[in-house]
Amino acid sequence: MAKVRKAVIPAAGLGTRFLPATKTVPKEMLPIVDRPILLHVVEEAARAGIEDIVLVAGRGKTAIEDFFDVSYELEDKLERDGKHEWLNSLKQIRSMANIISIRQKQPLGLGHAVGAAAPVVGKEPFAVLLGDEIMISRTDQQTVTEQLARRFESTGLSTVAVMEVPLEDTSKYGIVEGDVTRDGTAQIVKVKNVIEKPSQGQTTSRFALPGRYVFDAEIFEHIRNTKPGKLGEIQLTDAMVAIAKSKGLLATTFEARRYDAGDKLGYLMATIELGLEHPELKTSLRSYIKKLAEKL
Ligand code: G1P
């Protein structure tokens with residue numbers, strides 16, 4: 001089975017939940033401690049063996065492109081000042097993957113954004129990682145994208161990540177329905193249906209899509225045939241229903257800590273928890289949080 005070597009990261013949203021900060025800075029470039037959200041996402045893909053990353057950006061595209069490019073003046077200064085550690089970390093970011101940036105000209109939905117990557121991805125299987133969801137895996141663990149890619153490579157079936165959410169939260173996500181089996185600690189769903197943000201009572205399934213997918217290139221054909229759905233947008237979930245009915249689609253639970261960094265509370269949680277693991281900050285942040293908690 002073909003290896004998953006390419007990934008698509010849609011990063012074209014307007015970031016309205018983070019206004020005014022996102023008026024000029026794309027939400028994917030907001031920092032979690034000292035690393036932009038997007039760097040965590042690119043790193044997850046790179047750890048899964050992804051070589052080429054197609055960034056589908058709208059406005060704010062230049063800040064994202066510049067981040068993964070050489071900054072000659074900065075690197076020259078770091079070199080002259082003997083700041084080799086910083087210099088190396090900047091060089092390491094550049095060599096993580098080939099970043100290919102394309103523009104989604106109109107915000108017509110997630111399915112449309114993924115479809116815009118078709119000419120670059122071609123006929124290969126590929127991963128999709130939503131640019132504002134952060135998945136943190138231990139260094140001895142497979143990343144979520146890696147867990148999906150390996151299952152695709154062993155089954156030949158498109159495979160997406162799911163997490164169980166309380167029934168009252170199902171209306172915030174794409175929800176997967178199907179027959180559930182187990183493989184070790186993972187629950188595997190043979191997907192029969194996917195509903196984008198169901199209304200209360202529309203489903204009893206609690207398997208929500210947190211934004212990690214591996215698809216057979218056939219998905220592009222289904223995206224092309226997808227009519228505007230929920231909110232008048234071309235929904236990726238509608239194309240997923242079509243691929244579930246043709247070649248088949250699996251969903252799997254995963255091991256990782258997940259943060260919705262596109263949401264203010266999720267962003268703060270990620271900042272605090274990753275701050276508590278940051279070598280320079282962990283001791284002082286921990287004692288600050290303890291003192292603060294006593295006052296609350
Ligand atoms: C998108 C998808 C949805 C998925 C969610 C995960 O929705 O359409 O299926 O569950 O991302 O974050 P959005 O959050 O962009 O409205």
# chains A, B, ... in the order shown; residues from 1 in each chain; ligands from 1
>>> residues_near_ligand(ligand="ligand 1", cutoff="7 Å", atoms="only C-alpha atoms and all ligand atoms", output="list in words")
Leu110, Glu133, Lys172, Tyr173, Gly174, Ile175, Glu196, Lys197, Ala208, Leu209, Pro210, Gly211, Gln235, Leu236 and Thr237 of chain A
>>> select_by_dssp(residues="stretch 198-244 of chain A", states="strand (DSSP E)", output="list in words")
Phe207, Ala208, Arg212, Tyr213, Val214 and Phe215 of chain A
>>> write_last_selection(atoms="N, CA and C atoms", output="mmCIF file, in the first residue's frame")
data_model
loop_
_atom_site.group_PDB
_atom_site.id
_atom_site.type_symbol
_atom_site.label_atom_id
_atom_site.label_comp_id
_atom_site.auth_asym_id
_atom_site.auth_seq_id
_atom_site.Cartn_x
_atom_site.Cartn_y
_atom_site.Cartn_z
ATOM 1 N N PHE A 207 -19.026 9.868 18.652
ATOM 2 C CA PHE A 207 -17.705 9.879 18.020
ATOM 3 C C PHE A 207 -17.526 11.145 17.178
ATOM 4 N N ALA A 208 -16.748 12.089 17.726
ATOM 5 C CA ALA A 208 -16.575 13.392 17.067
ATOM 6 C C ALA A 208 -15.245 13.451 16.321
ATOM 7 N N ARG A 212 -8.277 15.358 12.269
ATOM 8 C CA ARG A 212 -7.137 14.605 11.721
ATOM 9 C C ARG A 212 -7.693 13.501 10.828
ATOM 10 N N TYR A 213 -7.200 13.458 9.586
ATOM 11 C CA TYR A 213 -7.756 12.541 8.591
ATOM 12 C C TYR A 213 -6.627 12.006 7.711
ATOM 13 N N VAL A 214 -6.771 10.767 7.204
ATOM 14 C CA VAL A 214 -5.920 10.290 6.112
ATOM 15 C C VAL A 214 -6.857 9.760 5.030
ATOM 16 N N PHE A 215 -6.697 10.290 3.818
ATOM 17 C CA PHE A 215 -7.622 9.948 2.734
ATOM 18 C C PHE A 215 -6.916 9.330 1.537
#
>>> closest_residue(among="A:Thr143, A:Ser154, A:Asn88, A:Asn193", to="A:Ile50", atoms="only C-alpha atoms")
A:Thr143
>>> closest_residue(among="A:Arg94, A:Lys105, A:Lys264, A:Arg286", to="A:Leu19", atoms="only C-alpha atoms")
A:Lys264
>>> select_by_dssp(residues="stretch 16-50 of chain A", states="helix (DSSP H, G or I)", output="VMD selection string")
chain A and resid 16 to 18 21 to 23 27 to 29 37 to 47
>>> atom_distance(atom1="atom CA of A:Ile134", atom2="atom CA of A:Pro198")
23.6 Å
>>> atom_distance(atom1="atom CA of A:Ser158", atom2="atom CA of A:Tyr259")
23.7 Å
>>> closest_residue(among="A:Leu296, A:Ala63, A:Ala2, A:Ala244", to="A:Thr24", atoms="only C-alpha atoms")
A:Ala63
>>> closest_residue(among="A:Lys295, A:Lys282, A:Arg17, A:Arg5", to="A:Gly122", atoms="only C-alpha atoms")
A:Arg5
>>> atom_distance(atom1="atom CA of A:Ile64", atom2="atom CA of A:Ser101")
8.9 Å
>>> residues_around(residues="stretch 254-257 of chain A", least_positions_apart="3", cutoff="8 Å", atoms="only C-alpha atoms", output="mmCIF file with C-alpha atoms, in the first residue's frame")
data_model
loop_
_atom_site.group_PDB
_atom_site.id
_atom_site.type_symbol
_atom_site.label_atom_id
_atom_site.label_comp_id
_atom_site.auth_asym_id
_atom_site.auth_seq_id
_atom_site.Cartn_x
_atom_site.Cartn_y
_atom_site.Cartn_z
ATOM 1 C CA MET A 135 -2.381 17.080 19.334
ATOM 2 C CA ILE A 136 0.456 16.448 21.764
ATOM 3 C CA SER A 137 1.930 12.946 21.850
ATOM 4 C CA ARG A 138 4.770 11.742 24.056
ATOM 5 C CA THR A 143 1.531 11.037 16.675
ATOM 6 C CA VAL A 144 -2.172 10.998 15.751
ATOM 7 C CA GLN A 147 -1.553 6.343 13.939
ATOM 8 C CA ALA A 161 -9.468 10.227 14.033
ATOM 9 C CA VAL A 162 -12.440 10.329 16.381
ATOM 10 C CA MET A 163 -12.837 11.139 20.068
ATOM 11 C CA ALA A 186 -8.357 1.716 20.108
#
>>> residues_around(residues="A:Ala251", least_positions_apart="3", cutoff="8 Å", atoms="only C-alpha atoms", output="PyMOL selection string")
chain A and resi 159-162+176+188-191
>>> write_last_selection(atoms="C-alpha atoms", output="mmCIF file, in the first residue's frame")
data_model
loop_
_atom_site.group_PDB
_atom_site.id
_atom_site.type_symbol
_atom_site.label_atom_id
_atom_site.label_comp_id
_atom_site.auth_asym_id
_atom_site.auth_seq_id
_atom_site.Cartn_x
_atom_site.Cartn_y
_atom_site.Cartn_z
ATOM 1 C CA THR A 159 -8.970 6.511 8.183
ATOM 2 C CA VAL A 160 -9.985 9.452 10.349
ATOM 3 C CA ALA A 161 -9.468 10.227 14.033
ATOM 4 C CA VAL A 162 -12.440 10.329 16.381
ATOM 5 C CA VAL A 176 -19.344 9.597 12.778
ATOM 6 C CA ILE A 188 -12.408 1.250 15.374
ATOM 7 C CA VAL A 189 -15.584 2.381 13.608
ATOM 8 C CA LYS A 190 -16.523 1.048 10.170
ATOM 9 C CA VAL A 191 -18.144 4.307 9.129
#
>>> residues_around(residues="A:Ile223", least_positions_apart="6", cutoff="9 Å", atoms="only C-alpha atoms", output="compact mmCIF listing (two decimals) with N, CA and C atoms, in the first residue's frame")
# COMPACT_ATOMS: atom_id res chain seq x y z
N GLY A 111 -14.31 21.40 2.92
CA GLY A 111 -14.18 20.48 1.79
C GLY A 111 -13.56 21.18 0.59
N HIS A 112 -13.99 22.42 0.36
CA HIS A 112 -13.46 23.21 -0.75
C HIS A 112 -11.97 23.49 -0.54
N VAL A 114 -9.76 21.71 1.16
CA VAL A 114 -9.00 20.47 0.94
C VAL A 114 -8.94 20.18 -0.57
N GLY A 115 -10.06 20.39 -1.25
CA GLY A 115 -10.13 20.16 -2.69
C GLY A 115 -9.15 21.04 -3.47
N ILE A 234 -19.18 23.78 1.22
CA ILE A 234 -18.79 22.45 0.73
C ILE A 234 -18.14 21.74 1.92
N GLN A 235 -18.86 20.79 2.50
CA GLN A 235 -18.42 20.16 3.75
C GLN A 235 -17.57 18.93 3.45
N LEU A 236 -16.44 18.82 4.14
CA LEU A 236 -15.58 17.64 4.00
C LEU A 236 -16.35 16.40 4.46
N ASP A 238 -19.43 15.66 4.07
CA ASP A 238 -20.32 15.12 3.03
C ASP A 238 -19.51 14.26 2.05
N ALA A 239 -18.31 14.70 1.70
CA ALA A 239 -17.45 13.89 0.82
C ALA A 239 -17.04 12.59 1.53
N MET A 240 -16.91 12.65 2.88
CA MET A 240 -16.56 11.44 3.65
C MET A 240 -17.69 10.41 3.58
N ALA A 242 -19.59 9.93 1.06
CA ALA A 242 -19.49 9.32 -0.28
C ALA A 242 -18.36 8.29 -0.32
>>> closest_residue(among="A:Glu51, A:Asp132, A:Glu44, A:Glu124", to="A:Gly262", atoms="only C-alpha atoms")
A:Asp132
